[in-house]
Amino acid sequence: MFMLNTILKNLFTGYATRLYPFKKREPFPDVKGELKLDVEKCTFCTVCQIKCPSQCIQVDRKERQWKVDPFACVYCGICEDVCPANCLYHEGFYRPAVFDKTVDFYAGPPKLAAVPAAPVAPAAEGGG
C-alpha cells in the first residue's frame with residue numbers, strides 16, 4: 001500500500017532533477033571554470049606546473065610550449081594563484097561535454113636571441 005502511494009506520487013509530479021544538457025543552470029558566482037592561458041604574458045617559469053596538484057599542466061621552456069589536459073584539471077585555482085605573470089585564469093563556465101578526450105596546446109612567441117652590441121668606433125682626434 002505504501003509503495004503504491006509513492007509510485008503514484010512520483011508518476012504525477014515533475015522531475016526532481018534538471019534535464020541536462022537541455023536545461024543548464026547558471027554557474028555560481030566566483031566559480032572556477034575552464035582553465036585559460038594568455039601565452040603572450042607567460043614567462044615560462046614553470047611555477048604553475050610545479051604547484052599543480054593534478055599535474056595537468058606541462059610547460060616546455062626550450063620549445064616555449066604549453067600542454068594542458070583539461071580532463072585532469074581539478075579546478076582548484078592554485079596555478080592561477082601562484083602565477084607571477086598573471087597569465088592564467090579560469091573562465092566562469094565549464095567545458096562543454098565532449099565525446100573525445102583532447103589536450104590543449106599553446107605555443108608562445110619565439111624567444112628573441114640576444115643581439116650583441118655593435119662596437120663603438122673610436123672618435124677621430126683632430127688637431128687644429
# chains A, B, ... in the order shown; residues from 1 in each chain; ligands from 1

$ select_by_dssp --residues "chain A" --states "helix (DSSP H, G or I)" --output "PyMOL selection string"
chain A and resi 2-12+47-51+78-82

$ write_last_selection --atoms "C-alpha atoms" --output "PDB file, in the first residue's frame"
ATOM      1  CA  PHE A   2       2.765   2.458   0.929  1.00  0.00           C
ATOM      2  CA  MET A   3       4.724   1.629  -2.198  1.00  0.00           C
ATOM      3  CA  LEU A   4       1.688   2.257  -4.392  1.00  0.00           C
ATOM      4  CA  ASN A   5       1.302   5.754  -2.903  1.00  0.00           C
ATOM      5  CA  THR A   6       4.973   6.522  -3.640  1.00  0.00           C
ATOM      6  CA  ILE A   7       4.727   5.224  -7.200  1.00  0.00           C
ATOM      7  CA  LEU A   8       1.633   7.295  -7.942  1.00  0.00           C
ATOM      8  CA  LYS A   9       3.125  10.415  -6.370  1.00  0.00           C
ATOM      9  CA  ASN A  10       6.325  10.082  -8.431  1.00  0.00           C
ATOM     10  CA  LEU A  11       4.363   9.357 -11.597  1.00  0.00           C
ATOM     11  CA  PHE A  12       2.313  12.562 -11.451  1.00  0.00           C
ATOM     12  CA  VAL A  47      55.824  27.519 -11.210  1.00  0.00           C
ATOM     13  CA  CYS A  48      52.267  26.554 -12.174  1.00  0.00           C
ATOM     14  CA  GLN A  49      53.449  23.153 -13.392  1.00  0.00           C
ATOM     15  CA  ILE A  50      55.256  22.515 -10.101  1.00  0.00           C
ATOM     16  CA  LYS A  51      52.341  23.618  -7.892  1.00  0.00           C
ATOM     17  CA  ILE A  78      46.318  27.030  -7.338  1.00  0.00           C
ATOM     18  CA  CYS A  79      48.041  27.581 -10.686  1.00  0.00           C
ATOM     19  CA  GLU A  80      46.212  30.876 -11.088  1.00  0.00           C
ATOM     20  CA  ASP A  81      47.214  31.988  -7.581  1.00  0.00           C
ATOM     21  CA  VAL A  82      50.939  31.212  -7.915  1.00  0.00           C
TER      22      VAL A  82
END

$ select_by_dssp --residues "chain A" --states "strand (DSSP E or B)" --output "PyMOL selection string"
chain A and resi 35-37+57-60+65-68+88-90+104-107

$ write_last_selection --atoms "N, CA and C atoms" --output "tab-separated table (two decimals), in the first residue's frame"
chain	number	residue	atom	x	y	z
A	35	LEU	N	40.17	26.30	-17.54
A	35	LEU	CA	41.47	26.96	-17.41
A	35	LEU	C	41.87	27.57	-18.75
A	36	LYS	N	42.22	28.84	-18.73
A	36	LYS	CA	42.66	29.55	-19.93
A	36	LYS	C	44.03	30.15	-19.69
A	37	LEU	N	44.74	30.42	-20.77
A	37	LEU	CA	46.10	30.93	-20.69
A	37	LEU	C	46.28	32.06	-21.68
A	57	ILE	N	49.24	20.44	-16.12
A	57	ILE	CA	49.97	21.45	-16.88
A	57	ILE	C	51.39	20.97	-17.11
A	58	GLN	N	51.84	21.05	-18.37
A	58	GLN	CA	53.22	20.75	-18.70
A	58	GLN	C	53.77	21.92	-19.52
A	59	VAL	N	54.87	22.49	-19.05
A	59	VAL	CA	55.47	23.64	-19.71
A	59	VAL	C	56.85	23.24	-20.21
A	60	ASP	N	57.10	23.51	-21.49
A	60	ASP	CA	58.41	23.24	-22.08
A	60	ASP	C	59.09	24.58	-22.32
A	65	GLN	N	56.38	26.03	-25.19
A	65	GLN	CA	55.07	25.45	-25.44
A	65	GLN	C	54.42	25.02	-24.14
A	66	TRP	N	53.11	25.01	-24.16
A	66	TRP	CA	52.27	24.56	-23.05
A	66	TRP	C	51.46	23.38	-23.50
A	67	LYS	N	51.21	22.46	-22.58
A	67	LYS	CA	50.28	21.36	-22.81
A	67	LYS	C	49.39	21.29	-21.58
A	68	VAL	N	48.09	21.44	-21.77
A	68	VAL	CA	47.13	21.41	-20.67
A	68	VAL	C	46.13	20.29	-20.93
A	88	LEU	N	47.44	33.08	-16.24
A	88	LEU	CA	46.43	32.03	-16.11
A	88	LEU	C	45.16	32.59	-15.49
A	89	TYR	N	44.03	32.11	-15.98
A	89	TYR	CA	42.76	32.50	-15.39
A	89	TYR	C	41.74	31.40	-15.66
A	90	HIS	N	40.72	31.37	-14.84
A	90	HIS	CA	39.63	30.41	-15.01
A	90	HIS	C	38.41	31.17	-15.53
A	104	ASP	N	44.97	20.47	-24.80
A	104	ASP	CA	45.16	21.79	-25.37
A	104	ASP	C	46.64	22.11	-25.47
A	105	PHE	N	47.07	22.61	-26.62
A	105	PHE	CA	48.45	23.02	-26.82
A	105	PHE	C	48.49	24.53	-27.05
A	106	TYR	N	49.45	25.18	-26.44
A	106	TYR	CA	49.66	26.61	-26.63
A	106	TYR	C	51.13	26.80	-26.97
A	107	ALA	N	51.40	27.67	-27.93
A	107	ALA	CA	52.78	27.98	-28.30
A	107	ALA	C	53.02	29.46	-28.06

$ closest_residue --among "A:Cys42, A:Gln55, A:Arg25, A:Arg18" --to "A:Gly108" --atoms "only C-alpha atoms"
A:Cys42

$ closest_residue --among "A:Ala16, A:Val39, A:Val98, A:Met1" --to "A:Pro110" --atoms "only C-alpha atoms"
A:Val39

$ residues_around --residues "A:Val103" --least-positions-apart "6" --cutoff "10 Å" --atoms "only C-alpha atoms" --output "MDAnalysis selection string"
chainID A and resid 56 67:72

$ atom_distance --atom1 "atom CA of A:Cys76" --atom2 "atom CA of A:Arg64"
24.6 Å

$ closest_residue --among "A:Phe93, A:Tyr75, A:Phe22, A:Phe44" --to "A:Lys62" --atoms "only C-alpha atoms"
A:Phe44

$ closest_residue --among "A:Thr13, A:Gly33, A:Phe28, A:Asp38" --to "A:Ala85" --atoms "only C-alpha atoms"
A:Asp38

$ closest_residue --among "A:Thr102, A:Pro53, A:Ala97, A:Thr46" --to "A:Pro21" --atoms "only C-alpha atoms"
A:Ala97

$ residues_around --residues "A:Glu34" --least-positions-apart "5" --cutoff "6 Å" --atoms "only C-alpha atoms" --output "ChimeraX atom specification"
/A:90-91,94-95
